[in-house]
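The next block is final-v8.cif, given as mmCIF, C-alpha atoms and all ligand atoms.
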```cif
data_upload
loop_
_atom_site.label_atom_id
_atom_site.label_comp_id
_atom_site.auth_asym_id
_atom_site.auth_seq_id
_atom_site.Cartn_x
_atom_site.Cartn_y
_atom_site.Cartn_z
CA MET A 1 5.60 -64.97 -19.53
CA ASP A 2 6.65 -67.81 -21.81
CA ALA A 3 7.85 -67.05 -25.31
CA ASP A 4 4.90 -68.76 -27.02
CA SER A 5 2.26 -66.99 -25.01
CA LYS A 6 -0.51 -65.31 -26.97
CA GLU A 7 -0.03 -62.38 -24.58
CA ASP A 8 3.43 -61.63 -25.96
CA ASN A 9 2.22 -58.56 -27.81
CA VAL A 10 0.41 -57.12 -24.81
CA THR A 11 2.26 -54.12 -23.46
CA PHE A 12 -0.62 -52.94 -21.28
CA ASN A 13 -3.12 -54.85 -19.18
CA GLN A 14 -5.53 -54.21 -16.32
CA LEU A 15 -2.68 -54.75 -13.87
CA SER A 16 -0.42 -52.04 -15.34
CA PHE A 17 0.42 -49.35 -12.77
CA ASP A 18 -0.04 -46.36 -15.03
CA ASN A 19 -1.68 -43.10 -13.96
CA PRO A 20 -5.49 -43.72 -14.02
CA ALA A 21 -6.15 -40.09 -14.94
CA GLU A 22 -4.04 -40.57 -18.06
CA ARG A 23 -5.15 -44.07 -18.99
CA PHE A 24 -6.87 -43.95 -22.42
CA SER A 25 -5.97 -40.25 -22.68
CA ASP A 26 -5.57 -40.67 -26.45
CA MET A 27 -9.29 -41.59 -26.70
CA LYS A 28 -11.41 -38.45 -26.75
CA PRO A 29 -15.16 -38.67 -27.34
CA GLN A 30 -16.21 -37.26 -30.70
CA ALA A 31 -19.62 -35.87 -31.62
CA GLN A 32 -21.59 -38.48 -33.60
CA HIS A 33 -25.01 -40.02 -33.87
CA GLN A 34 -26.20 -43.57 -34.55
CA ARG A 35 -29.68 -45.02 -34.80
CA PHE A 36 -30.77 -47.30 -31.93
CA PRO A 37 -29.42 -49.83 -30.97
CA GLY A 38 -26.14 -48.63 -32.46
CA SER A 39 -23.00 -50.56 -33.20
CA ASP A 40 -19.64 -50.72 -31.50
CA ALA A 41 -18.04 -51.16 -34.90
CA ASP A 42 -19.14 -47.61 -35.84
CA LEU A 43 -18.08 -45.90 -32.61
CA THR A 44 -15.36 -43.24 -33.09
CA PRO A 45 -12.90 -43.63 -31.51
CA PRO A 46 -13.42 -47.38 -31.07
CA ALA A 47 -14.06 -48.41 -27.45
CA ASP A 48 -11.72 -50.71 -25.52
CA HIS A 49 -13.37 -53.93 -24.33
CA GLY A 50 -10.14 -55.57 -23.23
CA GLU A 51 -9.61 -57.33 -26.55
CA THR A 52 -5.82 -56.97 -26.30
CA SER A 53 -5.45 -56.24 -22.60
CA TYR A 54 -7.69 -58.30 -20.27
CA ARG A 55 -5.73 -61.09 -18.57
CA GLY A 56 -7.67 -63.84 -16.84
CA THR A 57 -6.55 -65.88 -13.84
CA GLY A 58 -9.02 -68.80 -13.93
CA ARG A 59 -11.46 -67.25 -11.48
CA LEU A 60 -14.55 -68.53 -13.35
CA THR A 61 -13.26 -71.88 -14.53
CA GLY A 62 -16.11 -74.08 -15.74
CA ARG A 63 -18.86 -71.54 -14.97
CA LYS A 64 -21.74 -70.97 -17.39
CA ALA A 65 -22.86 -67.39 -17.91
CA LEU A 66 -25.68 -65.55 -19.66
CA ILE A 67 -25.11 -61.84 -20.37
CA THR A 68 -27.76 -59.56 -21.86
CA GLY A 69 -26.46 -56.80 -24.11
CA GLY A 70 -23.29 -58.88 -24.49
CA ASP A 71 -22.68 -57.73 -28.06
CA SER A 72 -21.29 -54.30 -27.26
CA GLY A 73 -20.17 -51.88 -24.60
CA ILE A 74 -19.98 -53.02 -21.00
CA GLY A 75 -21.63 -56.40 -21.68
CA ALA A 76 -19.07 -57.17 -24.39
CA ALA A 77 -16.17 -56.38 -22.05
CA VAL A 78 -17.73 -58.62 -19.40
CA ALA A 79 -18.17 -61.43 -21.95
CA ILE A 80 -14.50 -61.26 -22.98
CA ALA A 81 -13.32 -61.16 -19.36
CA PHE A 82 -15.58 -64.05 -18.29
CA ALA A 83 -14.23 -66.19 -21.15
CA ARG A 84 -10.63 -65.35 -20.22
CA GLU A 85 -11.45 -66.33 -16.63
CA GLY A 86 -12.57 -69.74 -17.90
CA ALA A 87 -16.36 -69.42 -18.31
CA ASP A 88 -18.54 -70.48 -21.22
CA VAL A 89 -20.69 -67.54 -22.25
CA ALA A 90 -24.11 -67.01 -23.85
CA ILE A 91 -24.91 -63.49 -25.01
CA ASN A 92 -28.24 -61.90 -25.84
CA TYR A 93 -28.63 -58.89 -28.15
CA LEU A 94 -31.02 -57.47 -30.73
CA GLU A 95 -31.02 -58.98 -34.22
CA ALA A 96 -29.73 -55.64 -35.63
CA GLU A 97 -26.58 -56.12 -33.52
CA ARG A 98 -25.58 -59.44 -35.08
CA ALA A 99 -22.23 -58.19 -36.42
CA ASP A 100 -21.11 -56.91 -33.00
CA ALA A 101 -22.33 -60.14 -31.37
CA GLU A 102 -20.46 -62.35 -33.85
CA ARG A 103 -17.25 -60.46 -33.16
CA ILE A 104 -17.57 -61.03 -29.41
CA GLY A 105 -18.54 -64.67 -30.00
CA GLY A 106 -15.33 -65.11 -31.98
CA LEU A 107 -13.27 -63.64 -29.14
CA ILE A 108 -14.89 -65.99 -26.61
CA GLU A 109 -14.18 -68.99 -28.83
CA SER A 110 -10.58 -67.91 -29.36
CA GLU A 111 -10.15 -68.52 -25.61
CA GLY A 112 -11.25 -72.11 -26.14
CA ARG A 113 -14.59 -71.43 -24.43
CA LYS A 114 -18.10 -72.02 -25.76
CA ALA A 115 -19.93 -68.97 -27.13
CA VAL A 116 -23.69 -69.05 -27.65
CA LEU A 117 -25.32 -66.26 -29.63
CA LEU A 118 -28.95 -65.68 -28.66
CA PRO A 119 -30.69 -62.78 -30.43
CA GLY A 120 -34.05 -61.67 -29.06
CA ASP A 121 -36.01 -58.64 -27.92
CA LEU A 122 -36.15 -58.63 -24.13
CA ARG A 123 -39.36 -56.58 -24.12
CA GLU A 124 -41.23 -59.77 -24.98
CA ARG A 125 -41.96 -62.16 -22.12
CA GLU A 126 -41.20 -65.23 -24.21
CA THR A 127 -37.64 -64.09 -24.95
CA SER A 128 -36.40 -64.62 -21.42
CA ARG A 129 -37.87 -68.14 -21.23
CA ARG A 130 -36.16 -69.01 -24.49
CA LEU A 131 -32.85 -67.44 -23.43
CA VAL A 132 -32.66 -69.52 -20.28
CA ALA A 133 -33.73 -72.73 -22.02
CA ASP A 134 -31.27 -72.23 -24.88
CA THR A 135 -28.40 -71.34 -22.53
CA VAL A 136 -28.98 -74.42 -20.37
CA GLU A 137 -29.24 -76.64 -23.43
CA ALA A 138 -26.09 -75.27 -25.09
CA LEU A 139 -23.89 -74.90 -22.00
CA GLY A 140 -25.31 -77.63 -19.75
CA GLY A 141 -26.37 -75.23 -16.99
CA LEU A 142 -26.47 -71.63 -15.84
CA ASP A 143 -24.54 -70.22 -12.85
CA ILE A 144 -24.07 -66.54 -13.67
CA LEU A 145 -26.77 -64.16 -14.94
CA VAL A 146 -25.77 -60.61 -15.90
CA ASN A 147 -28.82 -58.36 -16.41
CA ASN A 148 -27.03 -55.69 -18.42
CA ALA A 149 -29.21 -54.71 -21.42
CA GLY A 150 -30.58 -51.22 -21.09
CA ASN A 151 -32.50 -48.49 -22.87
CA GLN A 152 -31.53 -44.83 -22.37
CA VAL A 153 -33.07 -42.05 -24.46
CA TYR A 154 -33.02 -38.45 -23.24
CA GLN A 155 -36.22 -36.41 -23.13
CA LYS A 156 -35.87 -32.69 -22.50
CA ASP A 157 -39.37 -31.65 -21.42
CA PHE A 158 -41.35 -33.84 -19.03
CA ARG A 159 -44.63 -32.31 -20.25
CA GLU A 160 -43.95 -33.73 -23.69
CA PHE A 161 -42.76 -37.07 -22.47
CA ASP A 162 -43.03 -39.74 -25.18
CA GLU A 163 -44.98 -42.59 -23.57
CA GLU A 164 -43.88 -45.18 -26.11
CA GLU A 165 -40.31 -44.41 -25.15
CA LEU A 166 -41.25 -44.72 -21.48
CA ASP A 167 -42.71 -48.16 -22.14
CA LYS A 168 -39.54 -49.21 -23.98
CA THR A 169 -37.32 -48.09 -21.10
CA LEU A 170 -39.43 -49.75 -18.41
CA ARG A 171 -39.79 -53.03 -20.25
CA THR A 172 -36.13 -53.29 -21.17
CA ASN A 173 -34.63 -52.12 -17.90
CA ILE A 174 -37.16 -53.48 -15.38
CA ASP A 175 -39.69 -56.03 -16.70
CA ALA A 176 -37.02 -58.00 -18.55
CA MET A 177 -34.83 -58.10 -15.43
CA PHE A 178 -37.72 -59.53 -13.38
CA TRP A 179 -38.65 -62.10 -16.04
CA LEU A 180 -35.13 -63.25 -16.82
CA THR A 181 -34.16 -63.50 -13.17
CA LYS A 182 -37.28 -65.53 -12.40
CA ASP A 183 -36.65 -67.91 -15.29
CA ALA A 184 -32.94 -68.22 -14.52
CA LEU A 185 -33.50 -68.95 -10.83
CA ALA A 186 -35.39 -72.10 -11.79
CA ARG A 187 -32.05 -73.43 -13.07
CA MET A 188 -29.59 -71.95 -10.56
CA GLY A 189 -28.17 -73.53 -7.43
CA PRO A 190 -25.92 -72.59 -4.49
CA GLY A 191 -22.85 -70.67 -5.65
CA SER A 192 -24.72 -69.03 -8.51
CA THR A 193 -24.59 -65.27 -8.88
CA ILE A 194 -26.78 -62.58 -10.40
CA ILE A 195 -25.26 -59.22 -11.33
CA ASN A 196 -27.36 -56.25 -12.43
CA THR A 197 -26.08 -53.17 -14.23
CA THR A 198 -27.41 -50.05 -12.57
CA SER A 199 -25.89 -46.55 -12.96
CA VAL A 200 -24.61 -43.42 -11.27
CA GLN A 201 -28.02 -42.14 -12.44
CA ALA A 202 -29.42 -44.09 -9.47
CA TYR A 203 -27.92 -41.40 -7.22
CA LYS A 204 -27.61 -38.31 -9.41
CA PRO A 205 -30.57 -38.33 -11.80
CA SER A 206 -30.07 -36.15 -14.83
CA PRO A 207 -33.09 -33.89 -15.46
CA ILE A 208 -33.36 -35.22 -19.02
CA LEU A 209 -33.15 -38.93 -18.02
CA ILE A 210 -36.01 -39.20 -15.54
CA ASP A 211 -37.42 -42.50 -16.82
CA TYR A 212 -33.97 -44.06 -17.16
CA ALA A 213 -32.78 -42.83 -13.77
CA SER A 214 -35.98 -44.13 -12.15
CA THR A 215 -35.25 -47.60 -13.51
CA LYS A 216 -31.70 -47.47 -12.18
CA TYR A 217 -32.95 -46.53 -8.69
CA ALA A 218 -35.30 -49.51 -8.98
CA ILE A 219 -32.47 -51.85 -10.03
CA ASN A 220 -30.59 -50.98 -6.84
CA GLY A 221 -33.69 -51.74 -4.78
CA PHE A 222 -34.35 -54.96 -6.68
CA THR A 223 -30.75 -56.03 -6.10
CA LYS A 224 -30.83 -55.46 -2.35
CA GLY A 225 -34.26 -57.00 -1.77
CA LEU A 226 -33.68 -60.10 -3.88
CA ALA A 227 -30.22 -60.54 -2.36
CA MET A 228 -31.82 -60.77 1.09
CA GLN A 229 -34.30 -63.36 -0.11
CA LEU A 230 -31.74 -65.61 -1.81
CA ALA A 231 -28.61 -65.32 0.35
CA ALA A 232 -29.44 -68.21 2.68
CA GLU A 233 -29.80 -70.47 -0.37
CA GLY A 234 -26.27 -69.53 -1.45
CA ILE A 235 -27.27 -67.43 -4.45
CA ARG A 236 -25.76 -63.95 -4.34
CA VAL A 237 -27.23 -60.88 -6.03
CA ASN A 238 -25.19 -57.71 -6.52
CA ALA A 239 -24.94 -54.76 -8.91
CA VAL A 240 -22.42 -52.60 -10.69
CA ALA A 241 -23.08 -48.87 -11.18
CA PRO A 242 -21.05 -47.45 -14.07
CA GLY A 243 -20.35 -43.75 -14.58
CA PRO A 244 -19.82 -42.30 -18.07
CA ILE A 245 -18.56 -45.17 -20.23
CA TRP A 246 -17.83 -45.01 -23.96
CA THR A 247 -20.47 -47.26 -25.57
CA PRO A 248 -23.08 -47.09 -28.37
CA LEU A 249 -25.75 -46.26 -25.77
CA GLN A 250 -24.31 -42.75 -25.48
CA VAL A 251 -24.50 -41.92 -29.19
CA THR A 252 -27.97 -43.42 -29.85
CA GLU A 253 -29.72 -40.55 -28.03
CA GLY A 254 -28.54 -41.56 -24.60
CA GLN A 255 -27.66 -37.87 -24.38
CA PRO A 256 -27.89 -34.82 -26.66
CA PRO A 257 -25.32 -35.11 -29.50
CA GLU A 258 -23.83 -31.70 -28.64
CA LYS A 259 -22.85 -33.03 -25.19
CA VAL A 260 -20.91 -36.04 -26.43
CA GLU A 261 -17.60 -34.22 -26.78
CA GLN A 262 -17.60 -33.34 -23.06
CA PHE A 263 -18.53 -36.88 -22.03
CA GLY A 264 -16.84 -37.84 -18.74
CA GLU A 265 -15.22 -34.47 -18.07
CA ASN A 266 -17.29 -34.04 -14.90
CA THR A 267 -15.65 -37.00 -13.14
CA ALA A 268 -12.76 -36.60 -10.70
CA LEU A 269 -10.49 -38.35 -13.20
CA GLY A 270 -11.67 -35.88 -15.84
CA ARG A 271 -12.27 -38.45 -18.54
CA MET A 272 -14.79 -41.02 -19.75
CA GLY A 273 -14.30 -44.68 -18.83
CA GLN A 274 -13.79 -47.60 -21.20
CA PRO A 275 -15.89 -50.79 -21.04
CA VAL A 276 -12.80 -52.82 -20.09
CA GLU A 277 -12.54 -50.83 -16.85
CA LEU A 278 -15.89 -52.28 -15.74
CA ALA A 279 -15.09 -55.93 -16.37
CA PRO A 280 -13.08 -56.64 -13.18
CA ALA A 281 -16.02 -55.58 -10.98
CA TYR A 282 -18.30 -58.12 -12.70
CA VAL A 283 -15.63 -60.82 -12.51
CA PHE A 284 -15.22 -60.15 -8.79
CA LEU A 285 -18.97 -60.37 -8.13
CA ALA A 286 -19.31 -63.54 -10.22
CA SER A 287 -16.37 -65.32 -8.58
CA PRO A 288 -16.26 -66.98 -5.15
CA GLU A 289 -13.75 -64.28 -4.09
CA SER A 290 -16.80 -62.12 -3.34
CA SER A 291 -18.52 -64.83 -1.23
CA TYR A 292 -19.32 -62.34 1.59
CA VAL A 293 -20.55 -59.57 -0.73
CA VAL A 294 -24.36 -59.60 -0.86
CA GLY A 295 -26.82 -56.95 -2.05
CA GLU A 296 -23.97 -54.54 -2.82
CA THR A 297 -23.56 -52.03 -5.63
CA ILE A 298 -19.98 -51.47 -6.79
CA ASN A 299 -19.57 -47.99 -8.25
CA VAL A 300 -17.13 -47.70 -11.15
CA ASN A 301 -17.53 -44.09 -12.16
CA GLY A 302 -14.23 -42.22 -12.30
CA GLY A 303 -15.04 -40.32 -9.12
CA LEU A 304 -18.64 -39.19 -8.82
CA PRO A 305 -19.19 -39.73 -5.09
CA THR A 306 -22.39 -41.64 -4.28
CA PRO A 307 -24.31 -42.03 -0.98
P1 LIG B 1 -24.63 -50.75 -25.21
O1 LIG B 1 -25.50 -50.03 -26.15
O2 LIG B 1 -23.38 -51.31 -25.71
O3 LIG B 1 -25.42 -51.93 -24.50
C1 LIG B 1 -26.80 -51.91 -24.27
C2 LIG B 1 -27.36 -53.19 -24.86
O4 LIG B 1 -28.72 -53.32 -24.46
C3 LIG B 1 -27.37 -53.23 -26.37
O5 LIG B 1 -26.18 -53.76 -26.90
C4 LIG B 1 -28.57 -54.12 -26.68
O6 LIG B 1 -28.14 -55.42 -27.03
C5 LIG B 1 -29.30 -54.22 -25.36
N1 LIG B 1 -30.73 -53.93 -25.52
C6 LIG B 1 -31.34 -52.73 -25.54
N2 LIG B 1 -32.67 -52.90 -25.75
C7 LIG B 1 -32.88 -54.25 -25.84
C8 LIG B 1 -34.02 -55.05 -26.05
N3 LIG B 1 -35.25 -54.52 -26.17
N4 LIG B 1 -33.85 -56.40 -26.12
C9 LIG B 1 -32.62 -56.95 -26.00
N5 LIG B 1 -31.50 -56.23 -25.80
C10 LIG B 1 -31.63 -54.90 -25.72
O7 LIG B 1 -24.37 -49.73 -23.99
P2 LIG B 1 -23.76 -49.93 -22.52
O8 LIG B 1 -23.47 -48.55 -22.07
O9 LIG B 1 -22.71 -50.96 -22.50
O10 LIG B 1 -25.01 -50.43 -21.69
C11 LIG B 1 -24.99 -51.55 -20.84
C12 LIG B 1 -25.63 -51.20 -19.52
O11 LIG B 1 -24.83 -50.23 -18.86
C13 LIG B 1 -27.03 -50.61 -19.62
O12 LIG B 1 -27.86 -51.18 -18.64
C14 LIG B 1 -26.81 -49.15 -19.31
O13 LIG B 1 -27.94 -48.56 -18.74
C15 LIG B 1 -25.67 -49.25 -18.31
N6 LIG B 1 -24.91 -48.03 -18.09
C16 LIG B 1 -24.17 -47.46 -19.07
C17 LIG B 1 -23.47 -46.31 -18.82
C18 LIG B 1 -22.63 -45.64 -19.88
O14 LIG B 1 -22.16 -44.52 -19.66
N7 LIG B 1 -22.40 -46.25 -21.02
C19 LIG B 1 -23.51 -45.72 -17.55
C20 LIG B 1 -24.26 -46.33 -16.56
C21 LIG B 1 -24.96 -47.48 -16.84
MG MG B 2 -25.14 -53.23 -28.75
#
```

I'd like the structure from this file rewritten - as structure tokens, please.
Ligand code: NAD
Ligand code: MG
Amino acid sequence: MDADSKEDNVTFNQLSFDNPAERFSDMKPQAQHQRFPGSDADLTPPADHGETSYRGTGRLTGRKALITGGDSGIGAAVAIAFAREGADVAINYLEAERADAERIGGLIESEGRKAVLLPGDLRERETSRRLVADTVEALGGLDILVNNAGNQVYQKDFREFDEEELDKTLRTNIDAMFWLTKDALARMGPGSTIINTTSVQAYKPSPILIDYASTKYAINGFTKGLAMQLAAEGIRVNAVAPGPIWTPLQVTEGQPPEKVEQFGENTALGRMGQPVELAPAYVFLASPESSYVVGETINVNGGLPTP
């Protein structure tokens, strides 16, 4: 590495051959609660999105990406990685998440890439039309769509299921994915890619996440079916299924607060994952390196075997 490189201070990166069971072992989940949609800035300990560690290799040079939920958590790690791989990146988030979004926008720009900040509630049909139009106008096109925004709120007793919460989960996780994908496809051509964030919940539904898990099953089905329809046109659709990852989603009633301290202990690695550990899977699926990967779900879950 040359002496002037901005990576001089990096002692650890995604290519370090350390023990994966001990990676991030100094970061233990701590009990806490935030109001929806939460903020990465308030997460304790802070999550790792690859700010100091993700090294790009030009795999997305010149590509134009739109990432929902790109302000925090997994979407933020993907945004940073895409920029370091050479892509210009638009991110969508809720207005309440502006501070997180501005931080990620700054990191994208510090790579010399364009960052476009597009607040908007995905539960409204008009938002997805506007997101696609604004992305195309600001970046000059759209080749990568990452449907990553999600709503997860636990509900203990199905008989008392809150139907407003059900509507929120279905609209955010399913309707918005259909709308945004439809609108984006009008602007995408051969070589474009769509990547959906599903979950280990699509295989092992938690009894207190029935609505959420149902949407994640559906995202897997959506991914496979749409992939079959679009493959011959040269547009690939795939998914990533994270396991327990340290993000604001988990402390905004994604699970009961008393469970947070054990978060990730049930994986084979015995620890929670960090958002940065998801980014390479999205980079792979967005890049032409995965040209023969179609309708697949990559599981990144610390060892929670799936069918
Ligand atoms: P996160 O809270 O950082 O990201 C979720 C994002 O969804 C928020 O930042 C917010 O911008 C967006 N969002 C929610 N409702 C929205 C709405 N109505 N309109 C617009 N945006 C909205 O948490 P995360 O864990 O990084 O979540 C990203 C994805 O990963 C989600 O789809 C989630 O289901 C999935 N996932 C997370 C885990 C985990 O353990 N953290 C595990 C499996 C899957
Ligand atoms: Mg957020």

>> If we count all atoms listed in the file and set the cut-off at 7 Å, which residues sit around Ala149 in chain A, ignoring sequence neighbours fewer than 2 positions away in its own chain? Please answer as an MDAnalysis selection string.
In response: chainID A and resid 68:69 147 173

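From CA of Tyr93 in chain A back to atom C2 of ligand LIG 1 (chain B), the distance works out to 6.7 Å.
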
>> Please find the residues contacting ligand LIG 1 (chain B) at a distance of at most 7 Å between atoms, with only C-alpha atoms and all ligand atoms counted, and report them as number ranges by chain.
In response: A: 37-38, 40, 68-75, 92-94, 97, 120-123, 148-152, 172-173, 197-201, 241-250, 275

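When the distance limit is 8 Å and only C-alpha atoms are what count, the residues near Ala239 in chain A, minus those fewer than 3 positions from it on the same chain, are A:Ile195, A:Asn196, A:Thr197, A:Thr198, A:Asn220, A:Thr223, A:Gly295, A:Glu296, A:Thr297, A:Ile298.
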
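Shortest atom-to-atom contact with Gln14 in chain A among A:Leu278, A:Leu118, A:Ala286, A:Ala176: A:Leu278, counting only C-alpha atoms.
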
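If only C-alpha atoms are the atoms counted, then among A:Ile174, A:Ile235, A:Ala76, A:Ala186 the closest residue to Arg129 in chain A is A:Ala186.
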
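Every protein or nucleic acid residue with an atom no more than 10 Å from Val136 in chain A, counting all atoms listed in the file and leaving out same-chain residues fewer than 3 positions away, appears here: Lys64, Ala65, Leu66, Ala90, Arg130, Leu131, Val132, Ala133, Leu139, Gly140, Gly141, Leu142, Asp143, Ala184 and Arg187 of chain A.
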
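Distance annotation: of A:Gln34, A:Gln262, A:Thr215, A:Thr306, the residue with the minimal separation from ligand MG 2 (chain B) is A:Gln34; atom set is only C-alpha atoms and all ligand atoms.
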
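Distances to Asp88 in chain A were evaluated for A:Ser16, A:Ser287, A:Thr135, A:Ser192 using all atoms listed in the file, and the minimum falls at A:Thr135.
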
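Residues in contact with Lys28 in chain A at 12 Å, where all atoms listed in the file are counted and same-chain residues fewer than 4 positions away are skipped, are listed as Glu22, Arg23, Phe24, Leu43, Thr44, Pro45, Pro46, Ala47, Ile245, Trp246, Val260, Glu261, Gln262, Phe263, Gly264, Glu265, Gly270, Arg271, Met272, Gly273 and Gln274 of chain A.
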
>> Report, in Å with one decimal, the straight-line distance from CA of Tyr54 in chain A to CA of Phe284 in chain A.
In response: 13.9 Å

>> Please list as a PyMOL selection string every residue within 8 Å of Leu285 in chain A, counting only C-alpha atoms and excluding residues in the same chain fewer than 4 positions away.
In response: chain A and resi 193+195+238+281+289-290+293

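With CA of Ile108 in chain A on one side and CA of Pro288 in chain A on the other, the separation reads 21.5 Å.
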
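For the choices A:Thr127, A:Asp183, A:Ile80, A:Ala41, the atom-to-atom distance to Ala115 in chain A is smallest for A:Ile80 when using all atoms listed in the file.
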
>> From the options A:Phe222, A:Arg55, A:Val237, A:Gln32, which residue's atoms come nearest to Gly86 in chain A, counting all atoms listed in the file?
In response: A:Arg55

For range 168-179 of chain A, which lacks atoms in the input, supply N, CA, C and O atoms and format the output as a PDB file, keeping the file's coordinate frame.
```
ATOM      1  N   LYS A 168     -40.740 -48.507 -23.514  1.00  0.00           N
ATOM      2  CA  LYS A 168     -39.540 -49.210 -23.980  1.00  0.00           C
ATOM      3  C   LYS A 168     -38.491 -49.277 -22.857  1.00  0.00           C
ATOM      4  O   LYS A 168     -37.873 -50.320 -22.598  1.00  0.00           O
ATOM      5  N   THR A 169     -38.320 -48.151 -22.182  1.00  0.00           N
ATOM      6  CA  THR A 169     -37.320 -48.090 -21.100  1.00  0.00           C
ATOM      7  C   THR A 169     -37.717 -49.003 -19.945  1.00  0.00           C
ATOM      8  O   THR A 169     -36.889 -49.762 -19.423  1.00  0.00           O
ATOM      9  N   LEU A 170     -38.997 -48.935 -19.546  1.00  0.00           N
ATOM     10  CA  LEU A 170     -39.430 -49.750 -18.410  1.00  0.00           C
ATOM     11  C   LEU A 170     -39.376 -51.238 -18.721  1.00  0.00           C
ATOM     12  O   LEU A 170     -38.938 -52.043 -17.900  1.00  0.00           O
ATOM     13  N   ARG A 171     -39.812 -51.601 -19.901  1.00  0.00           N
ATOM     14  CA  ARG A 171     -39.790 -53.030 -20.250  1.00  0.00           C
ATOM     15  C   ARG A 171     -38.381 -53.578 -20.345  1.00  0.00           C
ATOM     16  O   ARG A 171     -38.087 -54.677 -19.878  1.00  0.00           O
ATOM     17  N   THR A 172     -37.497 -52.806 -20.972  1.00  0.00           N
ATOM     18  CA  THR A 172     -36.130 -53.290 -21.170  1.00  0.00           C
ATOM     19  C   THR A 172     -35.366 -53.324 -19.851  1.00  0.00           C
ATOM     20  O   THR A 172     -34.670 -54.298 -19.545  1.00  0.00           O
ATOM     21  N   ASN A 173     -35.484 -52.247 -19.082  1.00  0.00           N
ATOM     22  CA  ASN A 173     -34.630 -52.120 -17.900  1.00  0.00           C
ATOM     23  C   ASN A 173     -35.212 -52.811 -16.669  1.00  0.00           C
ATOM     24  O   ASN A 173     -34.441 -53.222 -15.790  1.00  0.00           O
ATOM     25  N   ILE A 174     -36.541 -52.923 -16.603  1.00  0.00           N
ATOM     26  CA  ILE A 174     -37.160 -53.480 -15.380  1.00  0.00           C
ATOM     27  C   ILE A 174     -37.884 -54.801 -15.635  1.00  0.00           C
ATOM     28  O   ILE A 174     -37.527 -55.833 -15.066  1.00  0.00           O
ATOM     29  N   ASP A 175     -38.909 -54.794 -16.504  1.00  0.00           N
ATOM     30  CA  ASP A 175     -39.690 -56.030 -16.700  1.00  0.00           C
ATOM     31  C   ASP A 175     -38.776 -57.182 -17.096  1.00  0.00           C
ATOM     32  O   ASP A 175     -38.867 -58.283 -16.535  1.00  0.00           O
ATOM     33  N   ALA A 176     -37.890 -56.926 -18.059  1.00  0.00           N
ATOM     34  CA  ALA A 176     -37.020 -58.000 -18.550  1.00  0.00           C
ATOM     35  C   ALA A 176     -36.121 -58.539 -17.435  1.00  0.00           C
ATOM     36  O   ALA A 176     -35.847 -59.735 -17.358  1.00  0.00           O
ATOM     37  N   MET A 177     -35.672 -57.656 -16.549  1.00  0.00           N
ATOM     38  CA  MET A 177     -34.830 -58.100 -15.430  1.00  0.00           C
ATOM     39  C   MET A 177     -35.615 -59.029 -14.495  1.00  0.00           C
ATOM     40  O   MET A 177     -35.097 -60.057 -14.040  1.00  0.00           O
ATOM     41  N   PHE A 178     -36.876 -58.667 -14.222  1.00  0.00           N
ATOM     42  CA  PHE A 178     -37.720 -59.530 -13.380  1.00  0.00           C
ATOM     43  C   PHE A 178     -37.928 -60.891 -14.061  1.00  0.00           C
ATOM     44  O   PHE A 178     -37.754 -61.951 -13.450  1.00  0.00           O
ATOM     45  N   TRP A 179     -38.324 -60.853 -15.337  1.00  0.00           N
ATOM     46  CA  TRP A 179     -38.650 -62.100 -16.040  1.00  0.00           C
ATOM     47  C   TRP A 179     -37.416 -63.007 -16.140  1.00  0.00           C
ATOM     48  O   TRP A 179     -37.482 -64.195 -15.828  1.00  0.00           O
TER      49      TRP A 179
END
```
